[in-house]
file work24.txt (compact mmCIF, C-alpha atoms)
# COMPACT_ATOMS: atom_id res chain seq x y z
CA MET A 1 -35.91 -12.05 20.85
CA ASP A 2 -32.32 -11.20 21.69
CA GLY A 3 -32.78 -10.52 25.37
CA MET A 4 -32.53 -13.66 27.43
CA THR A 5 -35.10 -14.47 30.04
CA PRO A 6 -33.46 -15.60 33.27
CA GLY A 7 -34.05 -19.31 32.70
CA THR A 8 -32.71 -19.73 29.16
CA PRO A 9 -29.22 -21.08 28.69
CA ALA A 10 -26.63 -18.66 27.31
CA VAL A 11 -25.42 -21.29 24.87
CA LEU A 12 -27.19 -24.51 23.93
CA PHE A 13 -25.65 -27.16 21.68
CA GLU A 14 -28.05 -29.88 20.49
CA SER A 15 -26.29 -32.69 18.56
CA VAL A 16 -24.12 -30.19 16.72
CA ASN A 17 -21.78 -31.41 13.98
CA ALA A 18 -19.08 -29.49 12.14
CA HIS A 19 -16.95 -30.67 9.25
CA PHE A 20 -13.92 -29.24 7.47
CA GLY A 21 -14.19 -30.99 4.14
CA ASP A 22 -13.91 -34.68 4.97
CA TYR A 23 -12.66 -34.00 8.45
CA HIS A 24 -15.33 -34.43 11.11
CA ALA A 25 -14.30 -31.75 13.61
CA LEU A 26 -17.27 -31.87 15.99
CA ARG A 27 -19.38 -34.98 16.56
CA ASP A 28 -22.83 -34.75 18.11
CA ILE A 29 -22.02 -32.08 20.66
CA ASP A 30 -24.62 -31.62 23.40
CA LEU A 31 -23.90 -28.94 25.93
CA SER A 32 -25.88 -26.37 27.84
CA VAL A 33 -24.16 -23.35 29.34
CA ALA A 34 -26.14 -21.37 31.90
CA GLN A 35 -26.03 -17.60 32.11
CA GLY A 36 -23.07 -16.47 34.17
CA GLU A 37 -21.46 -19.86 34.02
CA LYS A 38 -17.69 -20.26 33.55
CA ILE A 39 -16.73 -23.20 31.37
CA VAL A 40 -13.17 -24.31 30.74
CA ILE A 41 -12.65 -26.55 27.74
CA CYS A 42 -9.55 -28.68 27.67
CA GLY A 43 -8.24 -31.63 25.75
CA PRO A 44 -5.41 -32.67 23.48
CA SER A 45 -4.64 -30.66 20.35
CA GLY A 46 -6.92 -31.41 17.43
CA SER A 47 -9.71 -32.46 19.76
CA GLY A 48 -12.08 -29.74 18.54
CA LYS A 49 -11.87 -27.34 21.49
CA SER A 50 -11.28 -24.24 19.36
CA THR A 51 -13.85 -25.37 16.82
CA LEU A 52 -16.40 -25.75 19.61
CA ILE A 53 -16.12 -22.14 20.76
CA ARG A 54 -15.69 -20.76 17.23
CA CYS A 55 -19.07 -22.27 16.34
CA ILE A 56 -20.70 -20.08 18.95
CA ASN A 57 -20.04 -16.84 17.06
CA HIS A 58 -20.17 -18.59 13.68
CA LEU A 59 -16.52 -18.25 12.74
CA VAL A 60 -16.95 -21.94 11.97
CA PRO A 61 -20.19 -23.01 10.28
CA VAL A 62 -22.27 -25.75 11.84
CA GLN A 63 -23.41 -28.42 9.40
CA SER A 64 -26.10 -30.15 11.42
CA GLY A 65 -27.78 -29.95 14.80
CA ARG A 66 -29.03 -26.89 16.54
CA LEU A 67 -26.96 -24.22 18.22
CA THR A 68 -28.77 -21.55 20.20
CA VAL A 69 -26.89 -18.54 21.53
CA CYS A 70 -28.74 -16.10 23.79
CA GLY A 71 -31.98 -17.56 22.49
CA ILE A 72 -31.03 -16.99 18.84
CA THR A 73 -30.29 -19.76 16.37
CA ALA A 74 -28.57 -19.18 13.06
CA HIS A 75 -31.76 -20.27 11.29
CA ASP A 76 -33.60 -17.22 12.61
CA GLY A 77 -33.18 -15.28 9.39
CA LYS A 78 -30.40 -13.48 7.65
CA SER A 79 -29.36 -11.15 10.43
CA ALA A 80 -29.21 -13.90 13.07
CA VAL A 81 -25.46 -14.32 12.84
CA ARG A 82 -24.93 -10.59 13.27
CA ARG A 83 -27.31 -10.54 16.22
CA ILE A 84 -25.47 -13.42 17.83
CA ARG A 85 -22.10 -11.77 17.27
CA ALA A 86 -23.41 -8.62 18.92
CA GLN A 87 -23.79 -10.64 22.13
CA VAL A 88 -20.51 -12.52 21.96
CA GLY A 89 -16.98 -11.20 22.48
CA MET A 90 -13.93 -13.19 21.54
CA CYS A 91 -10.23 -13.19 22.36
CA PHE A 92 -7.75 -15.04 20.18
CA GLN A 93 -4.52 -16.87 20.85
CA HIS A 94 -2.53 -14.31 18.87
CA PHE A 95 -4.52 -11.30 20.13
CA ASN A 96 -5.37 -10.11 16.59
CA LEU A 97 -5.24 -6.42 17.41
CA TYR A 98 -5.40 -4.30 14.27
CA PRO A 99 -1.78 -3.32 13.64
CA HIS A 100 -2.61 0.00 11.98
CA LEU A 101 -4.74 1.32 14.85
CA SER A 102 -3.77 2.49 18.32
CA VAL A 103 -5.05 0.55 21.32
CA LEU A 104 -7.80 3.11 21.84
CA ASP A 105 -8.84 3.05 18.17
CA ASN A 106 -8.87 -0.75 18.26
CA CYS A 107 -11.32 -0.49 21.15
CA THR A 108 -13.59 2.14 19.61
CA LEU A 109 -13.69 0.92 15.99
CA SER A 110 -16.60 -1.46 16.27
CA PRO A 111 -18.64 0.50 18.85
CA ILE A 112 -18.48 3.62 16.64
CA HIS A 113 -19.05 1.98 13.25
CA THR A 114 -21.14 -1.05 14.11
CA ASN A 115 -23.15 0.13 17.11
CA LYS A 116 -23.15 3.83 16.09
CA VAL A 117 -22.07 4.94 19.55
CA PRO A 118 -21.03 8.63 19.53
CA GLN A 119 -17.25 8.98 19.39
CA ALA A 120 -16.82 10.68 22.75
CA GLU A 121 -18.93 8.09 24.51
CA ALA A 122 -17.09 5.20 22.80
CA ARG A 123 -13.77 6.68 23.91
CA ALA A 124 -14.95 7.07 27.48
CA THR A 125 -16.19 3.48 27.55
CA ALA A 126 -12.95 2.25 26.04
CA MET A 127 -10.88 4.15 28.58
CA ALA A 128 -12.96 2.67 31.39
CA TYR A 129 -12.34 -0.88 30.17
CA LEU A 130 -8.67 -0.18 29.48
CA ASP A 131 -8.45 1.08 33.02
CA ARG A 132 -10.03 -2.12 34.24
CA VAL A 133 -7.42 -4.26 32.47
CA GLY A 134 -4.62 -1.95 33.61
CA MET A 135 -3.90 -0.54 30.15
CA GLN A 136 -5.08 3.07 30.52
CA ASP A 137 -1.51 4.38 30.15
CA GLN A 138 -0.97 2.51 26.87
CA ALA A 139 -4.13 3.73 25.10
CA ASP A 140 -2.26 5.73 22.46
CA LYS A 141 0.35 3.09 21.69
CA PHE A 142 0.27 0.78 18.71
CA PRO A 143 0.10 -3.01 19.16
CA SER A 144 3.68 -3.46 17.93
CA GLN A 145 4.90 -1.33 20.86
CA LEU A 146 3.32 -3.61 23.47
CA SER A 147 4.29 -6.87 25.09
CA GLY A 148 2.21 -9.97 24.43
CA GLY A 149 0.47 -9.74 27.79
CA GLN A 150 -0.38 -6.08 27.20
CA GLN A 151 -1.72 -6.86 23.75
CA GLN A 152 -3.95 -9.61 25.09
CA ARG A 153 -5.29 -7.34 27.84
CA ALA A 154 -6.00 -4.68 25.22
CA ALA A 155 -7.79 -7.31 23.13
CA ILE A 156 -9.92 -8.25 26.13
CA ALA A 157 -10.80 -4.58 26.66
CA ARG A 158 -11.67 -4.30 22.96
CA SER A 159 -14.12 -7.20 23.26
CA LEU A 160 -15.65 -5.77 26.40
CA CYS A 161 -16.30 -2.45 24.65
CA MET A 162 -18.96 -4.26 22.61
CA LYS A 163 -20.73 -5.05 25.91
CA PRO A 164 -21.03 -8.78 25.23
CA LYS A 165 -23.09 -11.16 27.34
CA ILE A 166 -20.75 -14.05 26.57
CA MET A 167 -16.97 -14.02 26.30
CA LEU A 168 -15.04 -16.65 24.36
CA PHE A 169 -11.34 -17.17 24.94
CA ASP A 170 -9.41 -19.29 22.46
CA GLU A 171 -6.16 -20.23 24.22
CA PRO A 172 -5.62 -16.63 25.34
CA THR A 173 -2.36 -17.35 27.14
CA SER A 174 -0.62 -19.99 25.05
CA ALA A 175 1.42 -17.45 23.09
CA LEU A 176 2.63 -15.68 26.23
CA ASP A 177 5.60 -15.90 28.55
CA PRO A 178 4.92 -17.09 32.14
CA GLU A 179 4.86 -13.61 33.62
CA SER A 180 2.36 -12.29 31.08
CA ILE A 181 0.20 -15.37 31.55
CA GLY A 182 -0.35 -14.33 35.15
CA GLU A 183 -1.45 -10.80 34.30
CA VAL A 184 -3.90 -11.99 31.63
CA LEU A 185 -5.37 -14.70 33.86
CA ASP A 186 -5.86 -12.11 36.61
CA VAL A 187 -7.87 -9.94 34.23
CA MET A 188 -9.96 -12.93 33.21
CA ALA A 189 -10.56 -13.97 36.81
CA ASP A 190 -11.68 -10.40 37.50
CA LEU A 191 -14.25 -10.73 34.69
CA THR A 192 -15.65 -13.93 36.17
CA GLU A 193 -16.42 -12.08 39.37
CA ALA A 194 -18.46 -9.59 37.35
CA GLY A 195 -20.85 -12.38 36.35
CA MET A 196 -19.91 -12.68 32.69
CA THR A 197 -20.69 -15.95 30.92
CA MET A 198 -17.35 -17.36 29.82
CA LEU A 199 -16.14 -20.21 27.68
CA CYS A 200 -12.42 -20.60 27.73
CA VAL A 201 -10.11 -22.99 25.93
CA THR A 202 -6.93 -23.17 27.96
CA HIS A 203 -4.14 -25.40 29.14
CA GLU A 204 -3.84 -23.47 32.40
CA MET A 205 -5.17 -26.11 34.75
CA GLY A 206 -4.56 -23.95 37.81
CA PHE A 207 -6.82 -21.27 36.31
CA ALA A 208 -9.41 -23.90 35.41
CA ARG A 209 -9.47 -25.17 38.98
CA ARG A 210 -9.72 -21.65 40.35
CA VAL A 211 -12.51 -20.11 38.26
CA ALA A 212 -14.38 -22.80 36.31
CA ASN A 213 -17.85 -23.95 37.30
CA ARG A 214 -17.50 -26.92 34.99
CA ILE A 215 -14.73 -28.44 32.93
CA VAL A 216 -15.45 -29.88 29.52
CA PHE A 217 -12.92 -32.44 28.37
CA MET A 218 -12.84 -33.16 24.64
CA ASP A 219 -11.13 -35.72 22.48
CA ALA A 220 -11.45 -36.45 18.76
CA GLY A 221 -14.31 -34.02 18.24
CA GLN A 222 -16.44 -35.38 21.06
CA ILE A 223 -17.18 -34.27 24.57
CA VAL A 224 -15.73 -37.04 26.73
CA GLU A 225 -16.43 -35.70 30.15
CA VAL A 226 -18.17 -32.75 31.80
CA ALA A 227 -17.42 -32.35 35.48
CA SER A 228 -16.83 -29.83 38.24
CA PRO A 229 -13.13 -28.94 38.65
CA GLU A 230 -13.11 -30.76 41.96
CA GLU A 231 -14.33 -34.02 40.42
CA PHE A 232 -12.31 -33.63 37.24
CA PHE A 233 -8.97 -33.14 38.92
CA THR A 234 -9.41 -35.59 41.78
CA SER A 235 -11.41 -38.42 40.23
CA PRO A 236 -11.75 -38.19 36.45
CA GLN A 237 -14.24 -40.72 35.16
CA HIS A 238 -12.74 -41.57 31.79
CA LYS A 239 -9.39 -43.13 31.17
CA ARG A 240 -8.74 -40.65 28.34
CA SER A 241 -9.10 -37.79 30.84
CA ARG A 242 -6.86 -39.59 33.33
CA ARG A 243 -4.16 -40.00 30.70
CA PHE A 244 -4.49 -36.31 29.71
CA LEU A 245 -4.23 -35.13 33.31
CA LYS A 246 -1.19 -37.30 33.90
CA GLN A 247 0.52 -35.74 30.90
CA VAL A 248 -0.45 -32.19 31.76
CA GLY A 249 1.04 -32.84 35.17
CA PRO A 250 0.21 -31.46 38.56
CA ARG A 251 0.09 -27.72 38.06
CA MET F 1 28.63 19.46 -22.12
CA LEU F 2 27.91 22.47 -19.97
CA ASP F 3 27.06 24.63 -22.99
CA LEU F 4 24.31 22.23 -24.03
CA TRP F 5 22.77 22.64 -20.59
CA LEU F 6 23.23 26.43 -20.40
CA ASN F 7 21.99 27.22 -23.90
CA TYR F 8 18.84 25.19 -23.52
CA ARG F 9 18.31 25.42 -19.79
CA ASP F 10 14.68 26.51 -20.01
CA LEU F 11 13.81 23.66 -22.33
CA TRP F 12 15.51 21.11 -20.08
CA LEU F 13 13.71 22.42 -17.00
CA ASP F 14 10.44 22.41 -18.90
CA GLY F 15 11.08 18.78 -19.85
CA VAL F 16 11.84 17.78 -16.27
CA ILE F 17 8.66 19.43 -15.05
CA THR F 18 6.57 17.73 -17.74
CA THR F 19 8.05 14.31 -16.99
CA ALA F 20 7.66 14.71 -13.24
CA SER F 21 4.10 16.03 -13.40
CA LEU F 22 3.01 13.30 -15.82
CA THR F 23 4.46 10.61 -13.57
CA VAL F 24 3.05 11.96 -10.31
CA LEU F 25 -0.41 12.66 -11.73
CA ALA F 26 -0.56 9.29 -13.51
CA ILE F 27 0.37 7.38 -10.34
CA PHE F 28 -2.14 9.44 -8.34
CA PHE F 29 -5.15 9.08 -10.66
CA GLY F 30 -4.12 5.55 -11.56
CA PHE F 31 -4.22 4.58 -7.89
CA PHE F 32 -7.82 5.67 -7.47
CA LEU F 33 -8.81 3.91 -10.67
CA ALA F 34 -6.90 0.82 -9.52
CA ILE F 35 -8.75 0.48 -6.19
CA PRO F 36 -12.12 -0.63 -7.60
CA ILE F 37 -10.42 -2.78 -10.24
CA GLY F 38 -8.12 -4.44 -7.70
CA VAL F 39 -11.01 -5.02 -5.30
CA ALA F 40 -13.09 -6.55 -8.09
CA ARG F 41 -10.16 -8.81 -8.98
CA ALA F 42 -9.73 -9.91 -5.36
CA LYS F 43 -13.32 -10.19 -4.22
CA SER F 44 -15.62 -10.76 -7.15
CA SER F 45 -15.92 -14.03 -9.01
CA GLY F 46 -18.85 -12.67 -11.06
CA VAL F 47 -19.17 -10.24 -13.92
CA LEU F 48 -17.19 -7.50 -12.16
CA GLY F 49 -14.29 -9.88 -11.59
CA TRP F 50 -14.25 -10.84 -15.27
CA LEU F 51 -14.43 -7.22 -16.37
CA ALA F 52 -11.54 -6.33 -14.07
CA LEU F 53 -9.51 -9.27 -15.34
CA GLY F 54 -10.20 -8.20 -18.91
CA TYR F 55 -9.10 -4.65 -18.16
CA VAL F 56 -5.90 -5.79 -16.49
CA ASN F 57 -4.99 -8.23 -19.24
CA LEU F 58 -5.74 -5.69 -21.95
CA PHE F 59 -3.65 -2.87 -20.50
CA ARG F 60 -0.80 -5.00 -19.22
CA GLY F 61 -0.68 -7.08 -22.37
CA MET F 62 -0.49 -4.20 -24.86
CA PRO F 63 2.67 -2.12 -25.35
CA LEU F 64 2.33 1.31 -23.77
CA LEU F 65 3.31 2.86 -27.09
CA VAL F 66 0.29 1.24 -28.74
CA GLN F 67 -1.93 2.59 -25.98
CA LEU F 68 -0.54 6.08 -26.56
CA PHE F 69 -1.24 5.77 -30.28
CA LEU F 70 -4.75 4.47 -29.65
CA VAL F 71 -5.58 7.40 -27.40
CA TYR F 72 -3.84 10.10 -29.41
CA TYR F 73 -4.38 9.00 -33.02
CA GLY F 74 -7.18 6.46 -32.53
CA LEU F 75 -9.62 8.37 -30.34
CA GLY F 76 -8.59 11.57 -32.11
CA GLN F 77 -10.47 10.23 -35.15
CA PHE F 78 -13.76 10.72 -33.33
CA ASN F 79 -13.32 14.47 -33.45
CA SER F 80 -16.95 15.43 -33.99
CA GLU F 81 -18.38 12.90 -31.51
CA LEU F 82 -15.93 13.97 -28.81
CA ARG F 83 -16.79 17.61 -29.44
CA ALA F 84 -20.44 16.70 -29.06
CA VAL F 85 -19.91 15.19 -25.59
CA GLY F 86 -17.53 17.97 -24.57
CA LEU F 87 -14.43 15.79 -24.20
CA TRP F 88 -12.48 17.21 -27.12
CA TRP F 89 -10.25 19.25 -24.80
CA ILE F 90 -8.61 15.98 -23.68
CA PHE F 91 -7.99 14.54 -27.12
CA ARG F 92 -6.99 17.84 -28.69
CA ASP F 93 -3.96 18.10 -26.43
CA ALA F 94 -1.11 15.59 -26.60
CA TRP F 95 -0.27 16.15 -22.93
CA TYR F 96 -3.76 15.09 -21.80
CA CYS F 97 -3.66 12.14 -24.19
CA GLY F 98 -0.32 11.06 -22.75
CA LEU F 99 -1.61 11.41 -19.20
CA LEU F 100 -4.78 9.46 -19.99
CA ALA F 101 -2.84 6.57 -21.56
CA LEU F 102 -0.40 6.49 -18.61
CA VAL F 103 -3.27 6.51 -16.08
CA LEU F 104 -5.06 3.67 -17.84
CA ASN F 105 -1.83 1.70 -18.07
CA THR F 106 -0.58 2.18 -14.50
CA ALA F 107 -4.07 1.52 -13.12
CA ALA F 108 -3.85 -2.01 -14.50
CA TYR F 109 -0.50 -2.63 -12.82
CA GLN F 110 -1.54 -0.99 -9.56
CA ALA F 111 -4.79 -2.97 -9.55
CA GLU F 112 -2.76 -6.17 -9.53
CA ILE F 113 -0.65 -4.83 -6.65
CA ILE F 114 -3.82 -4.02 -4.69
CA ARG F 115 -5.32 -7.42 -5.50
CA GLY F 116 -2.19 -9.14 -4.21
CA SER F 117 -2.16 -7.07 -1.02
CA LEU F 118 -5.82 -7.79 -0.33
CA GLN F 119 -5.43 -11.51 -0.95
CA THR F 120 -2.45 -11.85 1.37
CA ILE F 121 -4.26 -10.35 4.34
CA PRO F 122 -4.21 -13.20 6.88
CA ALA F 123 -7.38 -15.12 7.69
CA SER F 124 -7.05 -14.01 11.32
CA VAL F 125 -7.89 -10.43 10.30
CA HIS F 126 -11.11 -11.58 8.62
CA GLU F 127 -11.96 -13.63 11.71
CA THR F 128 -11.41 -10.62 13.93
CA ASN F 129 -13.64 -8.49 11.72
CA ALA F 130 -16.35 -11.12 12.05
CA ALA F 131 -15.89 -11.53 15.80
CA LEU F 132 -16.14 -7.75 16.27
CA ASN F 133 -19.29 -7.79 14.13
CA LEU F 134 -17.97 -5.15 11.72
CA THR F 135 -20.13 -4.47 8.70
CA ARG F 136 -18.60 -5.39 5.35
CA TRP F 137 -18.11 -1.73 4.51
CA THR F 138 -16.45 -0.84 7.82
CA ALA F 139 -14.21 -3.90 7.61
CA PHE F 140 -13.19 -2.92 4.08
CA ARG F 141 -12.81 0.80 4.63
CA ARG F 142 -11.24 0.80 8.11
CA VAL F 143 -9.31 -2.45 8.22
CA LEU F 144 -8.68 -4.22 4.92
CA LEU F 145 -7.88 -1.18 2.79
CA PRO F 146 -5.42 0.42 5.26
CA ILE F 147 -3.63 -2.90 5.81
CA ALA F 148 -3.55 -3.61 2.07
CA PHE F 149 -2.24 -0.12 1.34
CA ALA F 150 0.61 -0.53 3.83
CA LYS F 151 1.52 -3.82 2.15
CA ALA F 152 1.22 -2.30 -1.33
CA LEU F 153 3.37 0.77 -0.73
CA PRO F 154 6.79 -0.76 -1.62
CA ALA F 155 5.39 -2.28 -4.82
CA ILE F 156 3.73 1.01 -5.75
CA GLY F 157 7.10 2.71 -5.22
CA ASN F 158 8.52 0.28 -7.72
CA GLU F 159 5.68 1.03 -10.13
CA PHE F 160 6.46 4.74 -9.74
CA ILE F 161 10.04 4.20 -10.91
CA LEU F 162 8.95 2.07 -13.85
CA LEU F 163 6.34 4.61 -14.86
CA LEU F 164 8.84 7.47 -14.59
CA LYS F 165 10.93 5.75 -17.22
CA ALA F 166 7.94 4.74 -19.30
CA THR F 167 6.86 8.39 -19.65
CA SER F 168 9.69 8.90 -22.17
CA LEU F 169 7.37 7.28 -24.72
CA VAL F 170 5.04 10.29 -24.70
CA ALA F 171 7.72 12.15 -26.68
CA ILE F 172 6.56 10.10 -29.67
CA ILE F 173 3.13 11.73 -29.54
CA THR F 174 4.67 15.22 -29.47
CA VAL F 175 4.70 15.82 -25.72
CA PHE F 176 7.82 17.74 -24.75
CA ASP F 177 8.83 15.82 -21.68
CA LEU F 178 12.51 15.34 -20.89
CA MET F 179 12.88 12.93 -23.81
CA GLY F 180 10.92 15.21 -26.14
CA GLN F 181 13.11 18.19 -25.28
CA ALA F 182 16.23 16.10 -25.81
CA ARG F 183 14.99 15.13 -29.25
CA PHE F 184 14.23 18.75 -30.05
CA ILE F 185 17.60 19.99 -28.88
CA PHE F 186 19.30 17.24 -30.85
CA SER F 187 17.47 18.31 -33.98
CA GLU F 188 18.73 21.85 -33.42
CA THR F 189 22.33 20.97 -32.62
CA LEU F 190 22.86 17.52 -34.16
CA ASP F 191 24.97 16.94 -31.07
CA LEU F 192 24.61 13.40 -29.75
CA ARG F 193 25.74 14.51 -26.30
CA VAL F 194 22.22 15.74 -25.55
CA TYR F 195 21.19 12.19 -24.80
call {"tool": "encode", "arguments": {"input": "work24.txt", "output": "structure tokens"}}
result
Amino acid sequence: MDGMTPGTPAVLFESVNAHFGDYHALRDIDLSVAQGEKIVICGPSGSGKSTLIRCINHLVPVQSGRLTVCGITAHDGKSAVRRIRAQVGMCFQHFNLYPHLSVLDNCTLSPIHTNKVPQAEARATAMAYLDRVGMQDQADKFPSQLSGGQQQRAAIARSLCMKPKIMLFDEPTSALDPESIGEVLDVMADLTEAGMTMLCVTHEMGFARRVANRIVFMDAGQIVEVASPEEFFTSPQHKRSRRFLKQVGPR
Amino acid sequence: MLDLWLNYRDLWLDGVITTASLTVLAIFFGFFLAIPIGVARAKSSGVLGWLALGYVNLFRGMPLLVQLFLVYYGLGQFNSELRAVGLWWIFRDAWYCGLLALVLNTAAYQAEIIRGSLQTIPASVHETNAALNLTRWTAFRRVLLPIAFAKALPAIGNEFILLLKATSLVAIITVFDLMGQARFIFSETLDLRVY
């Protein structure tokens, strides 16, 4: 059953492990994300943050443990991965807009061909979301004609066009200049108000403090600490988190 | 010099048209033949991949002249069988034979260009296709093929130039392309300036 009943968690990790060859990228991850919850995942590079969220829509295969997304696990038959991906939108560090398609065509490609939405309706939906991210005037431009911040906002609109229940952000602002970071974070904060479930890998601690319900701190493939932003930034429990926060600095 | 041109102008123009049409048509039909072969080379590790590899090695490894001979003289031996299946019109006419050999040959080269373009598409594109839940067909038709084609275009331009020059071989199987006309005019005039 793809529809979630109100009580079920949006994402549930139960001792999940992921390996890349010999490299043990995720070790016994246990995490439950409630519907509508905003999670910020932080940690040093190589700690498994990206791998953690990429598992959710099966861009990275899980070797052991149980991962349930919107009540579906990957073991639920052949189409399970596709059904999970239908519920999950994702934004990448480097935006990954299709270079040969205009912004509008980027947004309508999957709705039209995957979800079989009529073209006119897909375009109307896309324009509505582009309007929401402030990109309605750029709909006919190609990605190469846009700034990084504009591309990332277009990519967010493209994900939203699939009407996901969960949004994943994999360092959405780390390839951007400071000004663009602000405009992208504003769009993301706007989404949080709409009640979307969000998991976000970011180094923007100010954003984390502002919108996150919980912060997940990872190191060496393990979850070290899960805490509210208040607790995490004022009194981190683990010395690894304290060291990380000292290095990230007061932002 | 000018007299050679003026006296045989119609033949020269005829040769240019034959050369140009053979090249353009061979690139065009060769491209469509190359797509499935290139895709099989890039994507299939099974029987299709082996067949495609065999095709590419065969047609890139054999001199084009031999391929022309095989089509024109070789397949021409099967006169009665070809008549029976209604394909004699191709093998009766040297121009069609030349075109067929050129198509088969350039398809092998273009297939390798397409394979290379498909294989150099970055992993991020495949991830995006997965994240957007595209079906395999949509991802191939709407994303991978257009991106691969844009990458392949310069190399196909190169192949066009090489093929243009390679068409001169069809003169050997009696097609009057530019080279064939030059040979004919030389035989009339014994004037080496024709070349």
call {"tool": "atom_distance", "arguments": {"input": "work24.txt", "atom1": "atom CA of Tyr73 of chain F", "atom2": "atom CA of Asp177 of chain F"}}
result
18.7 Å
call {"tool": "closest_residue", "arguments": {"input": "work24.txt", "among": "A:Gln222, A:Ala124, A:Thr202, A:Ala175", "to": "Arg240 of chain A", "atoms": "only C-alpha atoms"}}
result
A:Gln222
call {"tool": "residues_around", "arguments": {"input": "work24.txt", "residues": "Val103 of chain F", "least_positions_apart": "4", "cutoff": "12 Å", "atoms": "all atoms listed in the file", "output": "number ranges by chain"}}
result
F: 22-34, 59, 64, 67-68, 71, 96-99, 107-111, 160, 163, 166-167
call {"tool": "residues_around", "arguments": {"input": "work24.txt", "residues": "Leu52 of chain A", "least_positions_apart": "3", "cutoff": "12 Å", "atoms": "all atoms listed in the file", "output": "compact mmCIF listing (two decimals) with C-alpha atoms, keeping the file's coordinate frame"}}
result
# COMPACT_ATOMS: atom_id res chain seq x y z
CA VAL A 11 -25.42 -21.29 24.87
CA LEU A 12 -27.19 -24.51 23.93
CA PHE A 13 -25.65 -27.16 21.68
CA VAL A 16 -24.12 -30.19 16.72
CA ASN A 17 -21.78 -31.41 13.98
CA ALA A 18 -19.08 -29.49 12.14
CA HIS A 19 -16.95 -30.67 9.25
CA ALA A 25 -14.30 -31.75 13.61
CA LEU A 26 -17.27 -31.87 15.99
CA ARG A 27 -19.38 -34.98 16.56
CA ASP A 28 -22.83 -34.75 18.11
CA ILE A 29 -22.02 -32.08 20.66
CA ASP A 30 -24.62 -31.62 23.40
CA LEU A 31 -23.90 -28.94 25.93
CA VAL A 40 -13.17 -24.31 30.74
CA ILE A 41 -12.65 -26.55 27.74
CA CYS A 42 -9.55 -28.68 27.67
CA GLY A 43 -8.24 -31.63 25.75
CA GLY A 46 -6.92 -31.41 17.43
CA SER A 47 -9.71 -32.46 19.76
CA GLY A 48 -12.08 -29.74 18.54
CA LYS A 49 -11.87 -27.34 21.49
CA CYS A 55 -19.07 -22.27 16.34
CA ILE A 56 -20.70 -20.08 18.95
CA ASN A 57 -20.04 -16.84 17.06
CA HIS A 58 -20.17 -18.59 13.68
CA LEU A 59 -16.52 -18.25 12.74
CA VAL A 60 -16.95 -21.94 11.97
CA PRO A 61 -20.19 -23.01 10.28
CA VAL A 62 -22.27 -25.75 11.84
CA LEU A 67 -26.96 -24.22 18.22
CA LEU A 168 -15.04 -16.65 24.36
CA PHE A 169 -11.34 -17.17 24.94
CA ASP A 170 -9.41 -19.29 22.46
CA LEU A 199 -16.14 -20.21 27.68
CA CYS A 200 -12.42 -20.60 27.73
CA VAL A 201 -10.11 -22.99 25.93
CA VAL A 216 -15.45 -29.88 29.52
CA PHE A 217 -12.92 -32.44 28.37
CA MET A 218 -12.84 -33.16 24.64
CA ASP A 219 -11.13 -35.72 22.48
CA ALA A 220 -11.45 -36.45 18.76
CA GLY A 221 -14.31 -34.02 18.24
CA GLN A 222 -16.44 -35.38 21.06
CA ILE A 223 -17.18 -34.27 24.57
call {"tool": "residues_around", "arguments": {"input": "work24.txt", "residues": "Phe95 of chain A", "least_positions_apart": "4", "cutoff": "7 Å", "atoms": "only C-alpha atoms", "output": "ChimeraX atom specification"}}
result
/A:91,151-152,155
call {"tool": "residues_around", "arguments": {"input": "work24.txt", "residues": "segment 131-146 of chain F", "least_positions_apart": "3", "cutoff": "7 Å", "atoms": "only C-alpha atoms", "output": "ChimeraX atom specification"}}
result
/A:57,82,85-86,89-90,110,113-114 /F:118,127-128,149-150
call {"tool": "closest_residue", "arguments": {"input": "work24.txt", "among": "A:Ala126, A:Cys161, A:Ala139, A:Ala120", "to": "chain F", "atoms": "only C-alpha atoms"}}
result
A:Cys161
call {"tool": "atom_distance", "arguments": {"input": "work24.txt", "atom1": "atom CA of Ala122 of chain A", "atom2": "atom CA of Val81 of chain A"}}
result
23.5 Å
call {"tool": "closest_residue", "arguments": {"input": "work24.txt", "among": "F:Leu87, F:Leu104, F:Ile37, F:Met1", "to": "Leu70 of chain F", "atoms": "only C-alpha atoms"}}
result
F:Leu104
call {"tool": "residues_near_point", "arguments": {"input": "work24.txt", "point": "(-19.4, -10.4, 24.2)", "cutoff": "6 Å", "atoms": "all atoms listed in the file", "output": "list in words"}}
result
Gln87, Val88, Gly89, Lys163, Pro164, Lys165, Ile166 and Met167 of chain A
call {"tool": "atom_distance", "arguments": {"input": "work24.txt", "atom1": "atom CA of Ile35 of chain F", "atom2": "atom CA of Ile114 of chain F"}}
result
6.8 Å
call {"tool": "closest_residue", "arguments": {"input": "work24.txt", "among": "A:Leu185, A:Ile84, A:Val103, A:Ile156", "to": "Gln136 of chain A", "atoms": "all atoms listed in the file"}}
result
A:Val103
call {"tool": "residues_around", "arguments": {"input": "work24.txt", "residues": "Asp93 of chain F", "least_positions_apart": "6", "cutoff": "10 Å", "atoms": "only C-alpha atoms", "output": "list of chain:residue names"}}
result
F:Tyr72, F:Gly76, F:Thr174, F:Val175
call {"tool": "closest_residue", "arguments": {"input": "work24.txt", "among": "A:Pro44, A:Gly148, A:Pro111, A:Pro178", "to": "Leu97 of chain A", "atoms": "all atoms listed in the file"}}
result
A:Gly148
call {"tool": "closest_residue", "arguments": {"input": "work24.txt", "among": "A:Thr5, A:Thr51, A:Asn115, A:Gln138", "to": "His24 of chain A", "atoms": "only C-alpha atoms"}}
result
A:Thr51
